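Below you'll find the structure, written out as structure tokens, and then a few comments.
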Amino acid sequence: MQYTCSGCGDTFKQLKKHQSVCEPFQDLFAGGFKRRLHMQEEERQAKIRRLEATQAAELELERQRTEELARQMAMVEASRPVEVVSFSRAGRKRRAPAKLQDMVPSSLPGIPEHIPRAPGPSVHVVDQHPLTPPAVEPHPTTTPDQPISTPANRFGVFRRYTQEPANDPEEGLTPDAFCDLKTPTSLSTAAHQPLRPFRSQQSRMSSWFAPFLNATVFRLMRWFYSGSVVKSGKQLDSLVHDVILAEDFDREALRGFSTKQELERLDKHEASGGAFNAGDGWREASVDIPLPKEKVQHSSEQNAPVFKVSGIHYRPLLQVVKTACTDTLSVRHHWIPFKLFYSSSDNGATTERLWSDSYTADAVHDLDAEIQMKARGAREPDDPPDLEYAVAPIMLGSDSTHLTNFGSASLWPIYLVLANLTKYVRCIPSVFALHHLAYIPSLPDILQEAYKEAYGEPASAAVLRWCKRELMQQIWLLLLDDEFVQAYVHGVIITCGDGIRRRIFPRLLTYTADYPEKCLLACTRFLGRCPCPDCLVEKSRIHLMGTVHDLSARITRPRTDSSPLRYTLARIRDWIFRLGSPPEGKRVNAALYDTSTASNQSAFSRRLSEYGFDVYRMFVPDLMHEFELGVWKSTFTHLVRILVAAGGDGVQEMNRRFSKIPTFGRDTIRRFGANVAGMKKLAARDFEDLVQCAIPVFEALLPSRHDTLVRQALFRLATWHALAKLRLHSDSTLNVFEKITVLLGKAMRAFASKVCPEYDTRELDREVAARHRRRKRGKGQSSAASPEDHMKTGPKRKVFDLNTYKYHRLGDYARSIRRYGTTDGYTTQTCELEHRRVKRFYVRTNKNKHFVSQIARHQRREAFLGTAGKQAHALEGTPKQKTTRHRTTRGKRIQRRAISGAGSRVREHPMETVDPQQHVQISEEQHDWINIQSFVAEHRGDPAVEDFIPKLRNHVLARLNGRSGEDHAPSRGDRMSLRIRHDRMYLHQTMRVNYTTYDMRRAADSINPRSRPDILMRAPADSTHPYLYARVLSIFHVRAYTHSPEKPEEDPTPVLLQILWVRWFDFDETSPWGLDACRFPRLKFAHLEDEAFDFVAPERVLRACHVIPAFAHGKSDVALPGISIARASDPEADDEDYRYYYVGMFSDRDIFMRYLGGGVGHQQDGLVPHVQVVAGAQDDTEDEFSAGNAAVALAGPSQAAHERLLIRIPPRSGAAYDDEPDVSSDDDIDNEASDDNEDEELDYGYASSADDDEFGSPDDDPGEPGEVSDGEAGCRLDEEDMNRQSDGDDEDDGDDEDDGVDEDDFQGFSVL
């Protein structure tokens, strides 16, 4: 192809080659093309300059419009300048929240350097990256009598040992070990040593999946035993990510796979250190029960007929203790107990003791002192002098459970755990710290046939009760075998999990069970004259709980396992078999009636009493059964009866209010149903939520003379419950706890004497139906209650009764915490969580009579696979993390409700992991954005959006200049220099706030404008209230920078600023609050003229708070007239808000401690408020914190800070409170209540007065027909109900509550 040259006009095939030498072309190019290209470039540059000028003009026009708007607003409201600092109507400044100093918890610095450390375990542990402890000056050599104190950590907490420990299990733990976060974290497994070594390190690395042939089969079997038996979508994700996508997954390894074959391989695994070794494996045994008969004499007990009870599945007690001492968790055991102390000042002038785990309490210290005395003066022969002597405190627990919703299949497990393992680990079900000791049977139904065959007639109810107690004692005699008693006396040498050889002395510390089971174990009469297994306080005087007489009687009249008692029981047993005396006859009752002791002797007394063990000291209080399902449930039930008796729509209004209470936390306060009064299928956690939120609900539902007394009783109950559930106590909080117990007793007696008699309270419909079912069940008829039956009997009168065991037990909690540690360490909730495991296994059995042994095998398999899986992750060096899937579909453009977070269109941008050391975490995604100008234009006229742009720009400027929270108004030049990239806000759905709790743990709150919008912030130092409150309307970020006109050539990098748009609450200073007023702090939305809407830096948020509407005060639009976007998160708000709101002080333990003060982990800016109770003259008629009784003072650096705490109560003021009656004194109660008070309490239900008394006490009076006394959860037990309770059958035909405990309550600690 030919081309024409534009210079010479000739044609060429290679035109470029010709043009390079063509002179005409070169001249033409130099004179025309080059000039044309230059002109085109100049035109392009001019166009760019014009575009930049246009943009600058638009920005200047926007700036002028903004300033003109600000000037107009200033002219209209000259007293309200657009500044960071504003003034309220009351004249006080509304400042930004005080700055926080977030303190991340860590381990204690460890053992002082002068103490020699024993060599660690031979197995290498992955590097834990320990926190470097502060330098410590060498201490002088200590003697056994000289205490050893460790350096204080950043919170001022230190330990004090009585002897030199060989190892510190908490030294070097990372902050991850102190986290209770319930979201995916980057937790390191380095803090947890792998499972006990299976041979050598090299062997473990190559065959960690033993006994399976390869890792693929191991992962598959472990997945099979994880989670629920009904696999969910989440567990299907686990199958894909943890098994199929594992790097070592091999599909060829699954050829020929057989589940039965692999399970048999697992069951036969008995290698050294394996999970199924012969020592602590499951065994099956039987026990013999001698059968007594009234008026039938035998030459001796051995010649009496015997009934054999088989099917007892158990593991040797000592072998289980050895396993607990050597498993993977034993590296966290504190073999030498210590006392925790807290110094609130640098010079240690104010020091007080802390109580947390059992090894910091008095009981374990007493046991250790006994062992150390033996180590110093009477060591076992051949023990080297450097062999450490240590105590293994055993915590036992048992509780029967139903395995199905229908049918009678049940299981009665006994659990064991060592108390020297921290509760923050041992109470987590997934760590398998709770060892299954035995599965025990209840008394078989065929006993009657055997008894009739032996004596020709069936056994009486008294004989059946005797046999039930005897069965329990025979089972424990089997467990407390000679091998255990030998170790109890002389100890046993064990190489513990930390590689150190010790002589371990097992000691029984606590036994956790409900009241019927405590009676079986302690051999006391169920609800007898002295119902408590710990003391001999009479039942007729239980209502005096908290008085001076009651508190002293618990100390001066303890129940003791004395030699005279054992001698008396031996004589009575001889009477029963040799003389034919009835087990509950007059002769036996005459000998045991004063102490309400049964005619059986406890197995613990038989085996261990000669070594100084007192069986009655190990039965600790049970908060779940005694308060949540006991005292509080009965009080709440009677309040519902009162509302019914009062008439009107009180019950309906109560249900409506409960249904409108917002949720709080992930599962702290759950959504209430529409019929709370029906109490259908409510678990213990539901009753806990009720007591925490009941005060705003019951407000003004009764006449004012009764409303005050009800509010005081509810507040005392909630305060007592919050203190009882604290996971860390100090001397101060325990003193407050004791005082609150006294006030609770007075408030409850006032409620029972001044409110309850004013109403004719009757059984509720559910109680009537339950009574008919019990009666028909006893007669062998259909359990369905017909309308005719209801018409014949009708609801019987119910009387609120305080003379119940569960109410009496409330006075023992403070003393138990000092002796055994905080209640979360020995709660029955731990057993309830473990019940879920055995219930899952029942589905996988063949459900025949051998299902118990099959459950035992499944339990061992899961325990092995669960702990071996953690070992595998530790060996691989890759901690297991939850996978989070991201949404890939792009959301629509954010519309009106998006800015408030109320709509579902703002997508949640998940954070892969949680860094517990960060205080705030918000996503930085930019998918969902909205133009600021468009948003303001769209909502023009909405008061919430008024001055939105000026306030936002001022806030951003203050943040960029580092003046956030200061009294500084930006200048005109500052405002002109601000640039927000693209004029956009990037919206987010949630914000995570990590904070340090009062017990020095790390927890997190999720702030969501749609569901959990309320936040808590620290107030400035000169405020009268310690906190500021706000409702988050939106969470977003902007990218902003300042542009200097003097340096236009600079291109500054935008700064990402996370911002919260909030609506302020005002603290209502006219409403008294606190311990004296028995009221919550009251809030109200700020008025528009008080700068009701503002922007807050997320770093200033302390944590979330629970704001509950004050339903009794109604709604109003005074604070915000008309429809507003600020109410978009509440679909029922319309154009009104509630007039007032209450702060839920009791919603969780950490919130409560922030108002009580004295939280060790709540140190902010060096301020550590301390609660102290200064003992004063006790006056039973005084019902307030006052100088004349127990003056609550605060020790700390700032008097202004003291006045912000709950203990500093503002005096009552205003006419609204002048006529409020105080709680009655004990003089209003008959202190000499007669002993013939009828006690008709069931443990889980109510019985009518027509039922016969269980034991037929000689001074029991049948009472008035048709009247039923009401106690904690019922008062009286008939024969059928005793059979049901003692057998562990907690079903009540769908009417009783579930003990249900949510596993999330214990994530990370136990927890709560």
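Residues are named by chain letter and number: chains run A, B, ... in the order of the structure tokens, numbers start at 1 in each chain, and ligands are numbered from 1 in the order shown.
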
Restrict the calculation to only C-alpha atoms, then for each residue of segment 487-584 of chain A with any atom at most 12 Å from an atom of segment 381-384 of chain A give the closest atom pair and their distance in Å to one decimal, rows by chain and rising residue number, as CSV.
```
residue,atom,partner,partner_atom,distance
A:His490,CA,A:Pro381,CA,10.1
A:Gly491,CA,A:Asp383,CA,11.4
A:Val492,CA,A:Asp383,CA,11.2
A:Ile493,CA,A:Asp383,CA,9.5
A:Arg501,CA,A:Pro384,CA,10.9
A:Arg502,CA,A:Asp383,CA,10.0
A:Arg503,CA,A:Asp383,CA,8.8
```

Residues as selected, all heavy atoms, written as a tab-separated table (two decimals), in the first residue's frame, can you do that?
```
chain	number	residue	atom	x	y	z
A	490	HIS	N	-3.58	-39.55	104.20
A	490	HIS	CA	-2.14	-39.55	103.95
A	490	HIS	C	-1.75	-38.86	102.66
A	490	HIS	O	-0.55	-38.67	102.41
A	490	HIS	CB	-1.62	-41.00	103.93
A	490	HIS	CG	-1.89	-41.74	105.20
A	490	HIS	ND1	-1.18	-41.53	106.36
A	490	HIS	CD2	-2.82	-42.70	105.49
A	490	HIS	CE1	-1.63	-42.31	107.32
A	490	HIS	NE2	-2.62	-43.05	106.82
A	491	GLY	N	-2.70	-38.49	101.83
A	491	GLY	CA	-2.36	-37.86	100.57
A	491	GLY	C	-1.91	-38.87	99.53
A	491	GLY	O	-1.73	-40.06	99.81
A	492	VAL	N	-1.71	-38.40	98.32
A	492	VAL	CA	-1.24	-39.24	97.22
A	492	VAL	C	-0.30	-38.40	96.36
A	492	VAL	O	-0.57	-37.23	96.08
A	492	VAL	CB	-2.43	-39.77	96.39
A	492	VAL	CG1	-3.28	-38.64	95.85
A	492	VAL	CG2	-1.95	-40.66	95.26
A	493	ILE	N	0.82	-38.98	95.97
A	493	ILE	CA	1.81	-38.27	95.16
A	493	ILE	C	1.37	-38.30	93.70
A	493	ILE	O	1.12	-39.37	93.14
A	493	ILE	CB	3.21	-38.89	95.33
A	493	ILE	CG1	3.67	-38.72	96.79
A	493	ILE	CG2	4.20	-38.22	94.39
A	493	ILE	CD1	5.04	-39.32	97.06
A	501	ARG	N	5.92	-32.59	90.93
A	501	ARG	CA	5.40	-33.65	91.79
A	501	ARG	C	4.96	-33.05	93.12
A	501	ARG	O	5.69	-32.31	93.77
A	501	ARG	CB	6.45	-34.74	92.02
A	501	ARG	CG	6.80	-35.52	90.76
A	501	ARG	CD	7.88	-36.56	91.01
A	501	ARG	NE	7.36	-37.70	91.75
A	501	ARG	CZ	7.67	-38.00	93.02
A	501	ARG	NH1	8.49	-37.21	93.68
A	501	ARG	NH2	7.18	-39.06	93.61
A	502	ARG	N	3.76	-33.42	93.53
A	502	ARG	CA	3.21	-32.94	94.78
A	502	ARG	C	2.51	-34.09	95.50
A	502	ARG	O	2.04	-35.03	94.88
A	502	ARG	CB	2.20	-31.81	94.54
A	502	ARG	CG	2.74	-30.55	93.90
A	502	ARG	CD	1.64	-29.53	93.71
A	502	ARG	NE	2.13	-28.26	93.17
A	502	ARG	CZ	2.22	-27.97	91.90
A	502	ARG	NH1	1.85	-28.87	90.98
A	502	ARG	NH2	2.67	-26.79	91.50
A	503	ARG	N	2.45	-33.94	96.83
A	503	ARG	CA	1.59	-34.84	97.60
A	503	ARG	C	0.25	-34.12	97.76
A	503	ARG	O	0.15	-33.10	98.44
A	503	ARG	CB	2.19	-35.20	98.94
A	503	ARG	CG	1.32	-36.18	99.74
A	503	ARG	CD	2.00	-36.69	100.98
A	503	ARG	NE	3.05	-37.65	100.66
A	503	ARG	CZ	2.86	-38.95	100.44
A	503	ARG	NH1	1.63	-39.44	100.49
A	503	ARG	NH2	3.87	-39.74	100.16
```

Using the chain letters and numbers from this document, which residues of segment 346-586 of chain A does DSSP assign to helix (DSSP H, G or I), as a ChimeraX atom specification?
-> /A:358-360,362-377,423-426,429-431,447-455,461-479,482-490,515-522,539-544,548-556,563-579,586

Using only C-alpha atoms: which of A:Arg376, A:Arg1079, A:His241, A:Arg573 has the shortest distance to Glu470 of chain A |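 Of the candidates, the smallest distance to Glu470 of chain A is held by A:Arg573.
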
Surrounding residues of His1106 of chain A excluding itself and chain neighbours under 4 positions, 8 Å, only C-alpha atoms, as a PDB file with N, CA, C and O atoms, in the first residue's frame:
```pdb
ATOM      1  N   PRO A 662     -37.165  -2.448  76.631  1.00  0.00           N
ATOM      2  CA  PRO A 662     -36.181  -2.785  75.584  1.00  0.00           C
ATOM      3  C   PRO A 662     -35.191  -3.843  76.071  1.00  0.00           C
ATOM      4  O   PRO A 662     -34.954  -3.993  77.273  1.00  0.00           O
ATOM      5  N   THR A 663     -34.636  -4.547  75.140  1.00  0.00           N
ATOM      6  CA  THR A 663     -33.608  -5.526  75.470  1.00  0.00           C
ATOM      7  C   THR A 663     -32.307  -4.799  75.809  1.00  0.00           C
ATOM      8  O   THR A 663     -32.135  -3.616  75.519  1.00  0.00           O
ATOM      9  N   PHE A 664     -31.400  -5.543  76.402  1.00  0.00           N
ATOM     10  CA  PHE A 664     -30.112  -4.957  76.771  1.00  0.00           C
ATOM     11  C   PHE A 664     -29.044  -6.020  76.645  1.00  0.00           C
ATOM     12  O   PHE A 664     -29.221  -7.166  77.087  1.00  0.00           O
ATOM     13  N   ASP A1014     -28.706   3.244  73.529  1.00  0.00           N
ATOM     14  CA  ASP A1014     -28.416   4.129  74.651  1.00  0.00           C
ATOM     15  C   ASP A1014     -27.003   3.896  75.172  1.00  0.00           C
ATOM     16  O   ASP A1014     -26.572   2.749  75.348  1.00  0.00           O
ATOM     17  N   VAL A1143     -32.881   4.649  84.484  1.00  0.00           N
ATOM     18  CA  VAL A1143     -31.653   3.925  84.160  1.00  0.00           C
ATOM     19  C   VAL A1143     -31.694   2.581  84.880  1.00  0.00           C
ATOM     20  O   VAL A1143     -31.825   2.549  86.115  1.00  0.00           O
ATOM     21  N   GLY A1144     -31.602   1.491  84.146  1.00  0.00           N
ATOM     22  CA  GLY A1144     -31.627   0.161  84.746  1.00  0.00           C
ATOM     23  C   GLY A1144     -30.347  -0.113  85.515  1.00  0.00           C
ATOM     24  O   GLY A1144     -29.382  -0.640  84.957  1.00  0.00           O
ATOM     25  N   MET A1145     -30.327   0.238  86.791  1.00  0.00           N
ATOM     26  CA  MET A1145     -29.127   0.064  87.609  1.00  0.00           C
ATOM     27  C   MET A1145     -28.752  -1.398  87.791  1.00  0.00           C
ATOM     28  O   MET A1145     -27.588  -1.734  87.997  1.00  0.00           O
ATOM     29  N   SER A1147     -29.363  -3.953  85.623  1.00  0.00           N
ATOM     30  CA  SER A1147     -29.436  -4.741  84.396  1.00  0.00           C
ATOM     31  C   SER A1147     -28.277  -5.716  84.260  1.00  0.00           C
ATOM     32  O   SER A1147     -28.423  -6.777  83.671  1.00  0.00           O
TER      33      SER A1147
END
```

Using 12 Å as the limit and counting only C-alpha atoms, can you tabulate each residue of segment 695-757 of chain A that touches segment 1064-1078 of chain A, with its shortest atom-to-atom distance in Å and the two atoms involved, as a Markdown table?
```
| residue | atom | partner | partner_atom | distance |
| --- | --- | --- | --- | --- |
| A:Ile695 | CA | A:Cys1078 | CA | 9.4 |
| A:Pro696 | CA | A:Cys1078 | CA | 11.6 |
| A:Asp707 | CA | A:Cys1078 | CA | 11.9 |
| A:Thr708 | CA | A:Cys1078 | CA | 9.2 |
| A:Leu709 | CA | A:Cys1078 | CA | 10.0 |
| A:Val710 | CA | A:Cys1078 | CA | 10.4 |
| A:Arg711 | CA | A:Cys1078 | CA | 7.0 |
| A:Gln712 | CA | A:Cys1078 | CA | 5.6 |
| A:Ala713 | CA | A:Cys1078 | CA | 8.7 |
| A:Leu714 | CA | A:Cys1078 | CA | 8.6 |
| A:Phe715 | CA | A:Cys1078 | CA | 5.6 |
| A:Arg716 | CA | A:Cys1078 | CA | 7.5 |
| A:Leu717 | CA | A:Cys1078 | CA | 10.6 |
| A:Ala718 | CA | A:Cys1078 | CA | 10.2 |
| A:Thr719 | CA | A:Leu1075 | CA | 8.4 |
| A:Trp720 | CA | A:Leu1075 | CA | 11.1 |
| A:Val736 | CA | A:Leu1075 | CA | 10.6 |
| A:Phe737 | CA | A:Leu1075 | CA | 11.9 |
| A:Lys739 | CA | A:Leu1075 | CA | 11.0 |
| A:Ile740 | CA | A:Leu1075 | CA | 9.0 |
| A:Leu743 | CA | A:Leu1075 | CA | 10.1 |
| A:Leu744 | CA | A:Leu1075 | CA | 11.5 |
| A:Ala747 | CA | A:Cys1078 | CA | 10.9 |
```

Please produce a file of those selected residues containing C-alpha atoms, as a PDB file, in the first residue's frame.
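Written out: part_5.pdb:
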```pdb
ATOM      1  CA  ILE A 695     -39.583  -1.417  89.552  1.00  0.00           C
ATOM      2  CA  PRO A 696     -40.687   0.747  86.568  1.00  0.00           C
ATOM      3  CA  ASP A 707     -47.012   1.528  96.008  1.00  0.00           C
ATOM      4  CA  THR A 708     -44.192   2.908  98.147  1.00  0.00           C
ATOM      5  CA  LEU A 709     -43.865  -0.277 100.196  1.00  0.00           C
ATOM      6  CA  VAL A 710     -43.937  -2.423  97.057  1.00  0.00           C
ATOM      7  CA  ARG A 711     -41.267  -0.246  95.438  1.00  0.00           C
ATOM      8  CA  GLN A 712     -39.072  -0.494  98.527  1.00  0.00           C
ATOM      9  CA  ALA A 713     -39.418  -4.276  98.618  1.00  0.00           C
ATOM     10  CA  LEU A 714     -38.647  -4.591  94.907  1.00  0.00           C
ATOM     11  CA  PHE A 715     -35.635  -2.296  95.183  1.00  0.00           C
ATOM     12  CA  ARG A 716     -34.247  -4.211  98.173  1.00  0.00           C
ATOM     13  CA  LEU A 717     -34.734  -7.509  96.383  1.00  0.00           C
ATOM     14  CA  ALA A 718     -32.967  -6.253  93.255  1.00  0.00           C
ATOM     15  CA  THR A 719     -30.112  -4.725  95.264  1.00  0.00           C
ATOM     16  CA  TRP A 720     -29.642  -7.904  97.278  1.00  0.00           C
ATOM     17  CA  VAL A 736     -22.860  -3.190 102.247  1.00  0.00           C
ATOM     18  CA  PHE A 737     -24.253  -6.644 101.423  1.00  0.00           C
ATOM     19  CA  LYS A 739     -26.565  -4.092 105.603  1.00  0.00           C
ATOM     20  CA  ILE A 740     -28.753  -4.627 102.546  1.00  0.00           C
ATOM     21  CA  LEU A 743     -32.921  -3.795 105.052  1.00  0.00           C
ATOM     22  CA  LEU A 744     -34.336  -6.529 102.830  1.00  0.00           C
ATOM     23  CA  ALA A 747     -38.843  -4.365 103.635  1.00  0.00           C
TER      24      ALA A 747
END
```

Residues of segment 473-583 of chain A in strand (DSSP E or B), written as a list in words |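 Checking each residue of segment 473-583 of chain A, the strand (DSSP E or B) ones are Val492, Ile493, Ile494, Thr495, Arg501, Arg502, Arg503, Ile504, Phe505, Pro506, Arg507, Leu508, Leu509, Thr510, Tyr511, Thr512, Thr524, Cys535 and Pro558 of chain A.
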
Which one of A:Pro429, A:Gly281, A:Pro516, A:Pro393 sits closest to Gln829 of chain A if you count only C-alpha atoms?
->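 For Gln829 of chain A, the nearest of the candidates is A:Pro429.
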
Compile the contact shell of Lys293 of chain A as number ranges by chain: residues with an atom at most 10 Å away, counting only C-alpha atoms, same-chain residues fewer than 5 positions apart removed.
-> A: 298, 304-305, 451, 454-455, 457-460, 463, 576-577, 579-583

Please produce an output containing N, CA, C and O atoms for each residue in the selection, written as a PDB file, in the first residue's frame.
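File written: selection.pdb
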```pdb
ATOM      1  N   HIS A 298     -35.853 -57.769 114.250  1.00  0.00           N
ATOM      2  CA  HIS A 298     -34.805 -58.608 113.695  1.00  0.00           C
ATOM      3  C   HIS A 298     -33.678 -58.702 114.715  1.00  0.00           C
ATOM      4  O   HIS A 298     -33.470 -57.790 115.537  1.00  0.00           O
ATOM      5  N   ALA A 304     -32.056 -58.409 108.361  1.00  0.00           N
ATOM      6  CA  ALA A 304     -33.266 -57.857 107.768  1.00  0.00           C
ATOM      7  C   ALA A 304     -33.271 -58.106 106.262  1.00  0.00           C
ATOM      8  O   ALA A 304     -32.213 -58.285 105.634  1.00  0.00           O
ATOM      9  N   PRO A 305     -34.459 -58.152 105.636  1.00  0.00           N
ATOM     10  CA  PRO A 305     -34.512 -58.305 104.174  1.00  0.00           C
ATOM     11  C   PRO A 305     -33.766 -57.163 103.482  1.00  0.00           C
ATOM     12  O   PRO A 305     -33.724 -56.034 103.971  1.00  0.00           O
ATOM     13  N   TYR A 451     -40.905 -55.396  98.790  1.00  0.00           N
ATOM     14  CA  TYR A 451     -41.293 -55.196 100.183  1.00  0.00           C
ATOM     15  C   TYR A 451     -42.513 -56.050 100.525  1.00  0.00           C
ATOM     16  O   TYR A 451     -42.597 -56.657 101.603  1.00  0.00           O
ATOM     17  N   ALA A 454     -41.530 -59.577 100.987  1.00  0.00           N
ATOM     18  CA  ALA A 454     -40.802 -59.826 102.229  1.00  0.00           C
ATOM     19  C   ALA A 454     -41.709 -59.756 103.446  1.00  0.00           C
ATOM     20  O   ALA A 454     -41.546 -60.544 104.390  1.00  0.00           O
ATOM     21  N   TYR A 455     -42.671 -58.801 103.457  1.00  0.00           N
ATOM     22  CA  TYR A 455     -43.478 -58.567 104.652  1.00  0.00           C
ATOM     23  C   TYR A 455     -44.971 -58.781 104.436  1.00  0.00           C
ATOM     24  O   TYR A 455     -45.751 -58.673 105.397  1.00  0.00           O
ATOM     25  N   GLU A 457     -47.121 -56.852 102.862  1.00  0.00           N
ATOM     26  CA  GLU A 457     -47.876 -55.619 102.672  1.00  0.00           C
ATOM     27  C   GLU A 457     -46.936 -54.557 102.151  1.00  0.00           C
ATOM     28  O   GLU A 457     -45.712 -54.633 102.357  1.00  0.00           O
ATOM     29  N   PRO A 458     -47.487 -53.575 101.463  1.00  0.00           N
ATOM     30  CA  PRO A 458     -46.602 -52.533 100.891  1.00  0.00           C
ATOM     31  C   PRO A 458     -46.005 -51.649 101.977  1.00  0.00           C
ATOM     32  O   PRO A 458     -46.512 -51.564 103.097  1.00  0.00           O
ATOM     33  N   ALA A 459     -44.952 -50.971 101.596  1.00  0.00           N
ATOM     34  CA  ALA A 459     -44.254 -50.088 102.532  1.00  0.00           C
ATOM     35  C   ALA A 459     -45.049 -48.815 102.739  1.00  0.00           C
ATOM     36  O   ALA A 459     -45.724 -48.309 101.829  1.00  0.00           O
ATOM     37  N   SER A 460     -44.955 -48.279 103.928  1.00  0.00           N
ATOM     38  CA  SER A 460     -45.615 -47.007 104.235  1.00  0.00           C
ATOM     39  C   SER A 460     -44.820 -45.845 103.646  1.00  0.00           C
ATOM     40  O   SER A 460     -43.680 -46.011 103.189  1.00  0.00           O
ATOM     41  N   VAL A 463     -41.522 -45.330 105.473  1.00  0.00           N
ATOM     42  CA  VAL A 463     -40.485 -46.302 105.105  1.00  0.00           C
ATOM     43  C   VAL A 463     -39.896 -45.959 103.734  1.00  0.00           C
ATOM     44  O   VAL A 463     -38.680 -46.067 103.522  1.00  0.00           O
ATOM     45  N   ILE A 576     -34.908 -49.258 115.052  1.00  0.00           N
ATOM     46  CA  ILE A 576     -35.708 -49.511 113.845  1.00  0.00           C
ATOM     47  C   ILE A 576     -35.658 -50.983 113.459  1.00  0.00           C
ATOM     48  O   ILE A 576     -36.686 -51.577 113.081  1.00  0.00           O
ATOM     49  N   PHE A 577     -34.492 -51.624 113.563  1.00  0.00           N
ATOM     50  CA  PHE A 577     -34.367 -53.008 113.094  1.00  0.00           C
ATOM     51  C   PHE A 577     -34.538 -54.027 114.227  1.00  0.00           C
ATOM     52  O   PHE A 577     -35.152 -55.065 114.019  1.00  0.00           O
ATOM     53  N   LEU A 579     -35.950 -53.429 117.368  1.00  0.00           N
ATOM     54  CA  LEU A 579     -37.180 -53.255 118.127  1.00  0.00           C
ATOM     55  C   LEU A 579     -38.395 -53.014 117.247  1.00  0.00           C
ATOM     56  O   LEU A 579     -39.519 -52.964 117.766  1.00  0.00           O
ATOM     57  N   GLY A 580     -38.204 -52.793 115.960  1.00  0.00           N
ATOM     58  CA  GLY A 580     -39.331 -52.568 115.053  1.00  0.00           C
ATOM     59  C   GLY A 580     -39.964 -51.201 115.195  1.00  0.00           C
ATOM     60  O   GLY A 580     -41.155 -51.032 114.893  1.00  0.00           O
ATOM     61  N   SER A 581     -39.188 -50.195 115.636  1.00  0.00           N
ATOM     62  CA  SER A 581     -39.740 -48.847 115.766  1.00  0.00           C
ATOM     63  C   SER A 581     -39.955 -48.239 114.388  1.00  0.00           C
ATOM     64  O   SER A 581     -39.118 -48.397 113.485  1.00  0.00           O
ATOM     65  N   PRO A 582     -41.047 -47.506 114.182  1.00  0.00           N
ATOM     66  CA  PRO A 582     -41.246 -46.826 112.890  1.00  0.00           C
ATOM     67  C   PRO A 582     -40.172 -45.773 112.675  1.00  0.00           C
ATOM     68  O   PRO A 582     -39.765 -45.092 113.623  1.00  0.00           O
ATOM     69  N   PRO A 583     -39.679 -45.609 111.434  1.00  0.00           N
ATOM     70  CA  PRO A 583     -38.618 -44.615 111.175  1.00  0.00           C
ATOM     71  C   PRO A 583     -39.018 -43.195 111.531  1.00  0.00           C
ATOM     72  O   PRO A 583     -38.150 -42.369 111.797  1.00  0.00           O
TER      73      PRO A 583
END
```

Can you work out which one of A:Asp574, A:Glu52, A:Asp366, A:Glu60 has the shortest atom-to-atom distance to Ser977 of chain A, counting only C-alpha atoms?
-> A:Glu60

Sorted by chain and rising residue number, list the residues of segment 371-421 of chain A at most 12 Å from segment 151-170 of chain A (counting only C-alpha atoms), each with its closest atom pair and distance in Å to one decimal, as a tab-separated table.
```
residue	atom	partner	partner_atom	distance
A:Ile371	CA	A:Gln163	CA	11.9
A:Gln372	CA	A:Gln163	CA	8.8
A:Met373	CA	A:Gln163	CA	11.4
A:Ala375	CA	A:Gln163	CA	11.6
A:Arg376	CA	A:Gln163	CA	11.5
A:Asp386	CA	A:Ala166	CA	9.8
A:Leu387	CA	A:Ala166	CA	9.9
A:Glu388	CA	A:Ala166	CA	7.7
A:Tyr389	CA	A:Pro165	CA	10.3
A:Ala390	CA	A:Pro165	CA	9.9
A:Asn420	CA	A:Pro169	CA	10.5
A:Leu421	CA	A:Pro169	CA	9.6
```

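Within 8 Å of segment 404-419 of chain A, once only C-alpha atoms are used and residues closer than 6 positions along the same chain are dropped, the contacting residues are Val321, Ala324, Asp357, Ser358, Tyr359, Ala392, Pro393, Ile394, Met395, Leu396, Gly397, Ser398, Arg426, Ala433, Leu434, His435, His436, Leu437, Ala438, Tyr439, Ile440, Pro441, Ser442, Cys831, Lys839, Val852, Gly1288 and Asp1289 of chain A.
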
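Excluding Gln26 of chain A itself and same-chain residues fewer than 5 positions from it, the residues having an atom within 8 Å of it are Gly7, Gln19 and Ser20 of chain A, counting only C-alpha atoms.
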